$ cat coords.pdb   # PDB, C-alpha atoms
ATOM      1  CA  MET A 263     -12.236   0.022 -18.075  1.00  0.00           C
ATOM      2  CA  PRO A 264     -10.516   2.674 -15.890  1.00  0.00           C
ATOM      3  CA  TYR A 265      -9.620   1.860 -12.285  1.00  0.00           C
ATOM      4  CA  SER A 266     -11.773   3.753  -9.818  1.00  0.00           C
ATOM      5  CA  ILE A 267     -10.438   6.046  -7.086  1.00  0.00           C
ATOM      6  CA  ALA A 268     -11.914   7.642  -3.981  1.00  0.00           C
ATOM      7  CA  ILE A 269     -10.112  10.661  -2.525  1.00  0.00           C
ATOM      8  CA  VAL A 270     -10.218  11.202   1.251  1.00  0.00           C
ATOM      9  CA  ASP A 271      -8.976  14.662   2.253  1.00  0.00           C
ATOM     10  CA  ASP A 272     -10.479  17.248   4.595  1.00  0.00           C
ATOM     11  CA  HIS A 273      -9.305  20.075   2.315  1.00  0.00           C
ATOM     12  CA  LEU A 274     -11.971  19.798  -0.349  1.00  0.00           C
ATOM     13  CA  LEU A 275     -10.317  22.237  -2.748  1.00  0.00           C
ATOM     14  CA  ILE A 276      -7.134  20.151  -2.659  1.00  0.00           C
ATOM     15  CA  ALA A 277      -9.159  16.979  -3.156  1.00  0.00           C
ATOM     16  CA  LYS A 278     -10.877  18.524  -6.185  1.00  0.00           C
ATOM     17  CA  ALA A 279      -7.531  19.628  -7.594  1.00  0.00           C
ATOM     18  CA  ILE A 280      -6.104  16.130  -7.175  1.00  0.00           C
ATOM     19  CA  GLY A 281      -9.217  14.758  -8.835  1.00  0.00           C
ATOM     20  CA  SER A 282      -8.698  17.074 -11.798  1.00  0.00           C
ATOM     21  CA  VAL A 283      -5.123  15.846 -12.181  1.00  0.00           C
ATOM     22  CA  ILE A 284      -6.215  12.206 -12.045  1.00  0.00           C
ATOM     23  CA  GLY A 285      -8.886  13.011 -14.621  1.00  0.00           C
ATOM     24  CA  GLN A 286      -6.053  13.469 -17.110  1.00  0.00           C
ATOM     25  CA  PHE A 287      -4.796   9.916 -16.556  1.00  0.00           C
ATOM     26  CA  PRO A 288      -6.351   7.555 -19.150  1.00  0.00           C
ATOM     27  CA  ASN A 289      -6.457   4.492 -16.878  1.00  0.00           C
ATOM     28  CA  TYR A 290      -8.098   6.057 -13.822  1.00  0.00           C
ATOM     29  CA  GLN A 291     -11.291   7.828 -12.837  1.00  0.00           C
ATOM     30  CA  VAL A 292     -12.355   9.513  -9.584  1.00  0.00           C
ATOM     31  CA  LEU A 293     -15.608   8.214  -8.137  1.00  0.00           C
ATOM     32  CA  TYR A 294     -15.923  10.863  -5.426  1.00  0.00           C
ATOM     33  CA  GLU A 295     -14.149  12.965  -2.798  1.00  0.00           C
ATOM     34  CA  VAL A 296     -14.945  12.840   0.928  1.00  0.00           C
ATOM     35  CA  GLU A 297     -13.574  14.856   3.857  1.00  0.00           C
ATOM     36  CA  ASN A 298     -12.706  12.085   6.334  1.00  0.00           C
ATOM     37  CA  GLY A 299     -12.744   8.357   6.968  1.00  0.00           C
ATOM     38  CA  SER A 300     -16.173   8.397   8.544  1.00  0.00           C
ATOM     39  CA  GLU A 301     -17.702   9.772   5.344  1.00  0.00           C
ATOM     40  CA  LEU A 302     -15.830   7.101   3.387  1.00  0.00           C
ATOM     41  CA  THR A 303     -17.262   4.289   5.507  1.00  0.00           C
ATOM     42  CA  GLU A 304     -20.749   5.681   4.872  1.00  0.00           C
ATOM     43  CA  ARG A 305     -20.134   5.662   1.113  1.00  0.00           C
ATOM     44  CA  PHE A 306     -18.930   2.067   1.306  1.00  0.00           C
ATOM     45  CA  ARG A 307     -22.394   0.980   2.429  1.00  0.00           C
ATOM     46  CA  GLN A 308     -23.261   0.860  -1.279  1.00  0.00           C
ATOM     47  CA  LYS A 309     -21.256  -1.547  -3.390  1.00  0.00           C
ATOM     48  CA  LYS A 310     -21.133   0.854  -6.319  1.00  0.00           C
ATOM     49  CA  ASN A 311     -19.121   3.271  -4.159  1.00  0.00           C
ATOM     50  CA  ILE A 312     -16.293   0.820  -3.368  1.00  0.00           C
ATOM     51  CA  PRO A 313     -13.286   1.884  -5.479  1.00  0.00           C
ATOM     52  CA  ASP A 314     -10.185   0.022  -6.570  1.00  0.00           C
ATOM     53  CA  ILE A 315      -7.935   2.572  -4.855  1.00  0.00           C
ATOM     54  CA  VAL A 316      -8.347   4.971  -1.938  1.00  0.00           C
ATOM     55  CA  LEU A 317      -6.141   8.060  -2.044  1.00  0.00           C
ATOM     56  CA  LEU A 318      -5.816   8.869   1.643  1.00  0.00           C
ATOM     57  CA  ASP A 319      -4.700  11.898   3.634  1.00  0.00           C
ATOM     58  CA  ILE A 320      -3.511  11.427   7.236  1.00  0.00           C
ATOM     59  CA  SER A 321      -4.551  14.498   9.248  1.00  0.00           C
ATOM     60  CA  MET A 322      -8.341  14.698   9.194  1.00  0.00           C
ATOM     61  CA  PRO A 323     -11.071  15.348  11.764  1.00  0.00           C
ATOM     62  CA  VAL A 324     -13.556  12.710  12.965  1.00  0.00           C
ATOM     63  CA  MET A 325     -11.652   9.723  11.515  1.00  0.00           C
ATOM     64  CA  ASP A 326      -8.047  10.232  10.457  1.00  0.00           C
ATOM     65  CA  GLY A 327      -5.894   8.367   7.954  1.00  0.00           C
ATOM     66  CA  PHE A 328      -4.544   5.824  10.433  1.00  0.00           C
ATOM     67  CA  GLU A 329      -8.030   4.812  11.571  1.00  0.00           C
ATOM     68  CA  THR A 330      -9.322   4.784   8.002  1.00  0.00           C
ATOM     69  CA  ALA A 331      -6.500   2.571   6.728  1.00  0.00           C
ATOM     70  CA  ALA A 332      -7.038   0.107   9.573  1.00  0.00           C
ATOM     71  CA  TRP A 333     -10.784   0.020   8.868  1.00  0.00           C
ATOM     72  CA  LEU A 334     -10.206  -0.588   5.165  1.00  0.00           C
ATOM     73  CA  LYS A 335      -7.789  -3.452   5.792  1.00  0.00           C
ATOM     74  CA  GLN A 336     -10.245  -5.092   8.176  1.00  0.00           C
ATOM     75  CA  HIS A 337     -13.419  -4.667   6.140  1.00  0.00           C
ATOM     76  CA  HIS A 338     -12.212  -4.225   2.535  1.00  0.00           C
ATOM     77  CA  PRO A 339      -8.705  -5.704   2.218  1.00  0.00           C
ATOM     78  CA  GLY A 340      -8.955  -5.758  -1.561  1.00  0.00           C
ATOM     79  CA  VAL A 341      -9.030  -1.953  -1.753  1.00  0.00           C
ATOM     80  CA  LYS A 342      -5.559  -0.532  -2.348  1.00  0.00           C
ATOM     81  CA  ILE A 343      -4.475   2.364  -0.099  1.00  0.00           C
ATOM     82  CA  LEU A 344      -2.177   5.111  -1.389  1.00  0.00           C
ATOM     83  CA  VAL A 345      -1.275   7.780   1.161  1.00  0.00           C
ATOM     84  CA  LEU A 346      -1.003  11.308  -0.206  1.00  0.00           C
ATOM     85  CA  SER A 347      -0.054  13.587   2.665  1.00  0.00           C
ATOM     86  CA  MET A 348       2.142  16.491   3.752  1.00  0.00           C
ATOM     87  CA  GLN A 349       3.303  14.373   6.698  1.00  0.00           C
ATOM     88  CA  GLY A 350       6.608  12.781   5.799  1.00  0.00           C
ATOM     89  CA  ASP A 351       7.952  11.993   9.258  1.00  0.00           C
ATOM     90  CA  ASP A 352       9.208   8.493  10.033  1.00  0.00           C
ATOM     91  CA  GLU A 353       6.558   7.773  12.652  1.00  0.00           C
ATOM     92  CA  SER A 354       3.630   8.570  10.343  1.00  0.00           C
ATOM     93  CA  LEU A 355       5.197   6.632   7.476  1.00  0.00           C
ATOM     94  CA  VAL A 356       5.797   3.463   9.468  1.00  0.00           C
ATOM     95  CA  LYS A 357       2.433   3.714  11.237  1.00  0.00           C
ATOM     96  CA  MET A 358       0.554   4.010   7.924  1.00  0.00           C
ATOM     97  CA  ILE A 359       2.399   1.017   6.477  1.00  0.00           C
ATOM     98  CA  LYS A 360       1.532  -1.037   9.552  1.00  0.00           C
ATOM     99  CA  ALA A 361      -2.094   0.082   9.171  1.00  0.00           C
ATOM    100  CA  GLY A 362      -2.184  -1.304   5.638  1.00  0.00           C
ATOM    101  CA  ALA A 363      -1.080   1.407   3.205  1.00  0.00           C
ATOM    102  CA  ILE A 364       0.753   0.015   0.183  1.00  0.00           C
ATOM    103  CA  GLY A 365       1.929   3.354  -1.181  1.00  0.00           C
ATOM    104  CA  TYR A 366       3.072   6.700   0.206  1.00  0.00           C
ATOM    105  CA  LEU A 367       3.579  10.055  -1.509  1.00  0.00           C
ATOM    106  CA  ASN A 368       3.993  13.678  -0.476  1.00  0.00           C
ATOM    107  CA  LYS A 369       1.315  16.075  -1.708  1.00  0.00           C
ATOM    108  CA  ASN A 370       3.930  18.127  -3.539  1.00  0.00           C
ATOM    109  CA  VAL A 371       4.629  15.195  -5.841  1.00  0.00           C
ATOM    110  CA  HIS A 372       4.708  15.771  -9.606  1.00  0.00           C
ATOM    111  CA  PRO A 373       1.595  14.477 -11.451  1.00  0.00           C
ATOM    112  CA  ALA A 374       3.787  12.084 -13.432  1.00  0.00           C
ATOM    113  CA  GLU A 375       4.934  10.380 -10.242  1.00  0.00           C
ATOM    114  CA  LEU A 376       1.356  10.155  -8.990  1.00  0.00           C
ATOM    115  CA  GLU A 377       0.390   8.313 -12.159  1.00  0.00           C
ATOM    116  CA  LYS A 378       3.495   6.127 -11.823  1.00  0.00           C
ATOM    117  CA  ALA A 379       2.505   5.284  -8.253  1.00  0.00           C
ATOM    118  CA  LEU A 380      -1.038   4.367  -9.271  1.00  0.00           C
ATOM    119  CA  ASP A 381       0.302   2.128 -12.047  1.00  0.00           C
ATOM    120  CA  ALA A 382       2.672   0.439  -9.601  1.00  0.00           C
ATOM    121  CA  LEU A 383      -0.153  -0.264  -7.149  1.00  0.00           C
ATOM    122  CA  ILE A 384      -2.048  -2.085  -9.879  1.00  0.00           C
ATOM    123  CA  GLU A 385       0.889  -3.851 -11.499  1.00  0.00           C
ATOM    124  CA  LYS A 386       3.220  -4.625  -8.569  1.00  0.00           C
ATOM    125  CA  GLY A 387       1.001  -4.264  -5.516  1.00  0.00           C
ATOM    126  CA  PHE A 388       2.920  -1.426  -3.855  1.00  0.00           C
ATOM    127  CA  TYR A 389       4.725   1.861  -4.439  1.00  0.00           C
ATOM    128  CA  TYR A 390       7.172   3.673  -2.188  1.00  0.00           C
ATOM    129  CA  PRO A 391       9.669   6.301  -3.367  1.00  0.00           C
ATOM    130  CA  ASP A 392      13.277   5.844  -2.343  1.00  0.00           C
ATOM    131  CA  TRP A 393      13.079   8.295   0.565  1.00  0.00           C
ATOM    132  CA  ALA A 394      10.183   6.356   2.102  1.00  0.00           C
ATOM    133  CA  THR A 395      11.725   2.915   1.622  1.00  0.00           C
ATOM    134  CA  SER A 396      14.987   3.917   3.272  1.00  0.00           C
ATOM    135  CA  ARG A 397      13.171   5.296   6.314  1.00  0.00           C
ATOM    136  CA  VAL A 398      11.002   2.211   6.770  1.00  0.00           C
ATOM    137  CA  LEU A 399      14.060  -0.003   6.375  1.00  0.00           C
ATOM    138  CA  HIS A 400      15.824   1.919   9.144  1.00  0.00           C
ATOM    139  CA  ALA A 401      12.813   1.581  11.447  1.00  0.00           C
ATOM    140  CA  LEU A 402      12.523  -2.128  10.729  1.00  0.00           C
ATOM    141  CA  ALA A 403      16.249  -2.685  11.122  1.00  0.00           C
ATOM    142  CA  THR A 404      16.110  -1.383  14.684  1.00  0.00           C
ATOM    143  CA  SER A 405      13.260  -3.697  15.643  1.00  0.00           C
ATOM    144  CA  ASP A 406      13.746  -7.208  17.067  1.00  0.00           C
ATOM    145  CA  ASN A 407      10.095  -8.228  16.929  1.00  0.00           C
ATOM    146  CA  ASN A 408      10.516 -10.913  14.247  1.00  0.00           C
ATOM    147  CA  ASP A 409      13.817 -12.532  15.276  1.00  0.00           C
ATOM    148  CA  SER A 410      12.281 -15.839  16.405  1.00  0.00           C
ATOM    149  CA  VAL A 411      10.005 -16.438  13.396  1.00  0.00           C
ATOM    150  CA  LYS A 412      10.453 -19.817  11.685  1.00  0.00           C
ATOM    151  CA  LEU A 413      10.101 -19.787   7.908  1.00  0.00           C
ATOM    152  CA  SER A 414       9.924 -22.619   5.390  1.00  0.00           C
ATOM    153  CA  GLU A 415      12.364 -22.875   2.482  1.00  0.00           C
ATOM    154  CA  ARG A 416       9.628 -21.902   0.016  1.00  0.00           C
ATOM    155  CA  GLU A 417       8.647 -18.893   2.111  1.00  0.00           C
ATOM    156  CA  ILE A 418      12.276 -17.778   2.171  1.00  0.00           C
ATOM    157  CA  GLU A 419      12.490 -18.232  -1.598  1.00  0.00           C
ATOM    158  CA  PHE A 420       9.360 -16.096  -2.032  1.00  0.00           C
ATOM    159  CA  LEU A 421      10.825 -13.420   0.284  1.00  0.00           C
ATOM    160  CA  LYS A 422      13.818 -13.090  -2.033  1.00  0.00           C
ATOM    161  CA  TYR A 423      11.580 -12.560  -5.041  1.00  0.00           C
ATOM    162  CA  SER A 424       9.405 -10.112  -3.107  1.00  0.00           C
ATOM    163  CA  CYS A 425      12.352  -7.688  -3.219  1.00  0.00           C
ATOM    164  CA  THR A 426      12.146  -7.549  -7.016  1.00  0.00           C
ATOM    165  CA  GLU A 427       9.627  -5.777  -9.219  1.00  0.00           C
ATOM    166  CA  MET A 428       8.176  -9.077 -10.451  1.00  0.00           C
ATOM    167  CA  THR A 429       4.432  -9.636 -10.383  1.00  0.00           C
ATOM    168  CA  TYR A 430       3.066 -12.618  -8.451  1.00  0.00           C
ATOM    169  CA  LYS A 431       2.536 -14.409 -11.759  1.00  0.00           C
ATOM    170  CA  GLU A 432       6.179 -13.859 -12.715  1.00  0.00           C
ATOM    171  CA  ILE A 433       7.344 -15.008  -9.282  1.00  0.00           C
ATOM    172  CA  GLY A 434       5.221 -18.139  -9.711  1.00  0.00           C
ATOM    173  CA  GLU A 435       6.988 -18.897 -13.003  1.00  0.00           C
ATOM    174  CA  LYS A 436      10.371 -18.606 -11.266  1.00  0.00           C
ATOM    175  CA  MET A 437       9.201 -20.823  -8.391  1.00  0.00           C
ATOM    176  CA  PHE A 438       7.461 -23.295 -10.742  1.00  0.00           C
ATOM    177  CA  CYS A 439       4.054 -22.846  -9.151  1.00  0.00           C
ATOM    178  CA  SER A 440       0.842 -20.913  -9.746  1.00  0.00           C
ATOM    179  CA  ALA A 441       0.235 -17.287  -8.810  1.00  0.00           C
ATOM    180  CA  ARG A 442      -2.368 -18.563  -6.335  1.00  0.00           C
ATOM    181  CA  THR A 443       0.285 -20.674  -4.584  1.00  0.00           C
ATOM    182  CA  VAL A 444       2.585 -17.651  -4.456  1.00  0.00           C
ATOM    183  CA  GLU A 445      -0.212 -15.680  -2.816  1.00  0.00           C
ATOM    184  CA  SER A 446      -0.567 -18.429  -0.215  1.00  0.00           C
ATOM    185  CA  TYR A 447       3.118 -18.007   0.691  1.00  0.00           C
ATOM    186  CA  ARG A 448       2.528 -14.267   0.915  1.00  0.00           C
ATOM    187  CA  ASP A 449      -0.505 -14.679   3.176  1.00  0.00           C
ATOM    188  CA  SER A 450       1.379 -17.096   5.427  1.00  0.00           C
ATOM    189  CA  LEU A 451       4.227 -14.606   5.778  1.00  0.00           C
ATOM    190  CA  PHE A 452       1.785 -11.777   6.471  1.00  0.00           C
ATOM    191  CA  GLU A 453       0.484 -13.782   9.428  1.00  0.00           C
ATOM    192  CA  LYS A 454       3.860 -14.945  10.718  1.00  0.00           C
ATOM    193  CA  LEU A 455       5.492 -11.523  10.494  1.00  0.00           C
ATOM    194  CA  SER A 456       2.407  -9.492  11.481  1.00  0.00           C
ATOM    195  CA  VAL A 457       2.635  -7.296   8.390  1.00  0.00           C
ATOM    196  CA  LYS A 458       0.133  -6.444   5.679  1.00  0.00           C
ATOM    197  CA  THR A 459       2.069  -5.322   2.623  1.00  0.00           C
ATOM    198  CA  ARG A 460       4.574  -6.722   0.145  1.00  0.00           C
ATOM    199  CA  VAL A 461       6.984  -3.861   0.772  1.00  0.00           C
ATOM    200  CA  ALA A 462       7.072  -4.814   4.460  1.00  0.00           C
ATOM    201  CA  LEU A 463       7.986  -8.374   3.421  1.00  0.00           C
ATOM    202  CA  ALA A 464      10.739  -7.019   1.194  1.00  0.00           C
ATOM    203  CA  LEU A 465      12.082  -4.873   3.994  1.00  0.00           C
ATOM    204  CA  TYR A 466      12.019  -7.822   6.390  1.00  0.00           C
ATOM    205  CA  ALA A 467      13.984  -9.812   3.822  1.00  0.00           C
ATOM    206  CA  VAL A 468      16.619  -7.067   3.608  1.00  0.00           C
ATOM    207  CA  LYS A 469      16.850  -6.804   7.388  1.00  0.00           C
ATOM    208  CA  SER A 470      17.282 -10.576   7.691  1.00  0.00           C
ATOM    209  CA  GLY A 471      19.781 -10.906   4.855  1.00  0.00           C
ATOM    210  CA  LEU A 472      17.334 -12.965   2.791  1.00  0.00           C
ATOM    211  CA  HIS A 473      17.018 -10.561  -0.138  1.00  0.00           C
ATOM    212  CA  LYS A 474      19.820 -11.821  -2.393  1.00  0.00           C
ATOM    213  CA  LEU A 475      18.782 -14.253  -5.132  1.00  0.00           C
TER     214      LEU A 475
END

$ encode --input "coords.pdb" --output "structure tokens"
Amino acid sequence: MPYSIAIVDDHLLIAKAIGSVIGQFPNYQVLYEVENGSELTERFRQKKNIPDIVLLDISMPVMDGFETAAWLKQHHPGVKILVLSMQGDDESLVKMIKAGAIGYLNKNVHPAELEKALDALIEKGFYYPDWATSRVLHALATSDNNDSVKLSEREIEFLKYSCTEMTYKEIGEKMFCSARTVESYRDSLFEKLSVKTRVALALYAVKSGLHKL
């Protein structure tokens, strides 16, 4: 069964065009397009309207992408957020990641990369192109917010694997535990480091020198 997608973009013609592109991908289907986060929250009142993935613009009236991402992470943390925006500045990128986005693309992206990003969200839990990862790493490297965090040996081991492309199941096999146990390490690190995505964990690991297996 195809994964469902909701598109949130105040330029309806662009949203329709993106929907048409996604319609060519065999593993995905667009449920609907809305013009801002407020309209999305209204749709979410009905369970049938809750998608697997939200494709989210940033600059929108009424309720922008930052507010929408934060709302989704609070009320529907299982919904995956992929940002698709013309804003590629460092501040917007980092702010969206902190709000809960697990993927980030420019609107001028090739359809093949959009499909690749959607696949990565499902299979790996995140997708960031190289330009985005390097910028977030720089921002994180200049921050001292997490210097005093105490981590267990197993959490550190998980952090190293979080820098790979392994799924949680594959990481569990390497750590000789279940995928559910791996997810418990992830959730503990989310709380300790005040982050919400696997890519943020990976970037923390790089910053702290904990990324080498």

$ closest_residue --input "coords.pdb" --among "A:Val356, A:Val411, A:Ile433, A:Leu376" --to "Thr459 of chain A" --atoms "all atoms listed in the file"
A:Val356

$ residues_near_point --input "coords.pdb" --point "(-15.1, 10.9, 12.4)" --cutoff "12 Å" --atoms "all atoms listed in the file" --output "VMD selection string"
chain A and resid 272 296 to 304 321 to 330

$ atom_distance --input "coords.pdb" --atom1 "atom CA of Pro391 of chain A" --atom2 "atom CA of Tyr366 of chain A"
7.5 Å

$ atom_distance --input "coords.pdb" --atom1 "atom CA of Lys342 of chain A" --atom2 "atom CA of Met437 of chain A"
25.8 Å

$ residues_around --input "coords.pdb" --residues "His338 of chain A" --least-positions-apart "2" --cutoff "12 Å" --atoms "all atoms listed in the file" --output "ChimeraX atom specification"
/A:302-303,306-307,309,312-316,330-336,340-343,362

$ axis_aligned_box --input "coords.pdb" --around "segment 268-286 of chain A" --padding-each-side "6 Å" --output "lines of an AutoDock Vina configuration file"
center_x = -8.5
center_y = 14.9
center_z = -6.3
size_x = 18.8
size_y = 26.6
size_z = 33.7

$ resolve_selection --input "coords.pdb" --expression "the PyMOL selection byres ((chain A and resi 377-384) around 10)" --output "ChimeraX atom specification"
/A:265,267,283-284,286-290,314-315,317,342-344,364-367,372-376,385-391,427,429

$ atom_distance --input "coords.pdb" --atom1 "atom CA of Glu419 of chain A" --atom2 "atom CA of Lys454 of chain A"
15.4 Å

$ residues_around --input "coords.pdb" --residues "Ser282 of chain A" --least-positions-apart "2" --cutoff "12 Å" --atoms "all atoms listed in the file" --output "list in words"
Ile269, Leu275, Ile276, Ala277, Lys278, Ala279, Ile280, Ile284, Gly285, Gln286, Phe287, Tyr290, Gln291, Val292, Leu293, Tyr294, Glu295 and Pro373 of chain A

$ closest_residue --input "coords.pdb" --among "A:Val457, A:Leu421, A:Arg448, A:Ala268" --to "Ala363 of chain A" --atoms "only C-alpha atoms"
A:Val457

$ residues_around --input "coords.pdb" --residues "Glu445 of chain A" --least-positions-apart "6" --cutoff "10 Å" --atoms "only C-alpha atoms" --output "PyMOL selection string"
chain A and resi 420+430-431+433-434+451

$ resolve_selection --input "coords.pdb" --expression "the PyMOL selection byres ((chain A and resi 463) around 8)" --output "VMD selection string"
chain A and resid 421 424 to 425 451 to 452 457 459 to 462 464 to 467

$ residues_around --input "coords.pdb" --residues "Ser347 of chain A" --least-positions-apart "4" --cutoff "8 Å" --atoms "all atoms listed in the file" --output "list in words"
Leu318, Asp319, Ile320, Tyr366, Leu367, Asn368 and Lys369 of chain A

$ closest_residue --input "coords.pdb" --among "A:Lys310, A:Asp271, A:Tyr423, A:Tyr447" --to "Met348 of chain A" --atoms "only C-alpha atoms"
A:Asp271

$ closest_residue --input "coords.pdb" --among "A:Cys439, A:Val371, A:Ala361, A:Val345" --to "Lys458 of chain A" --atoms "only C-alpha atoms"
A:Ala361
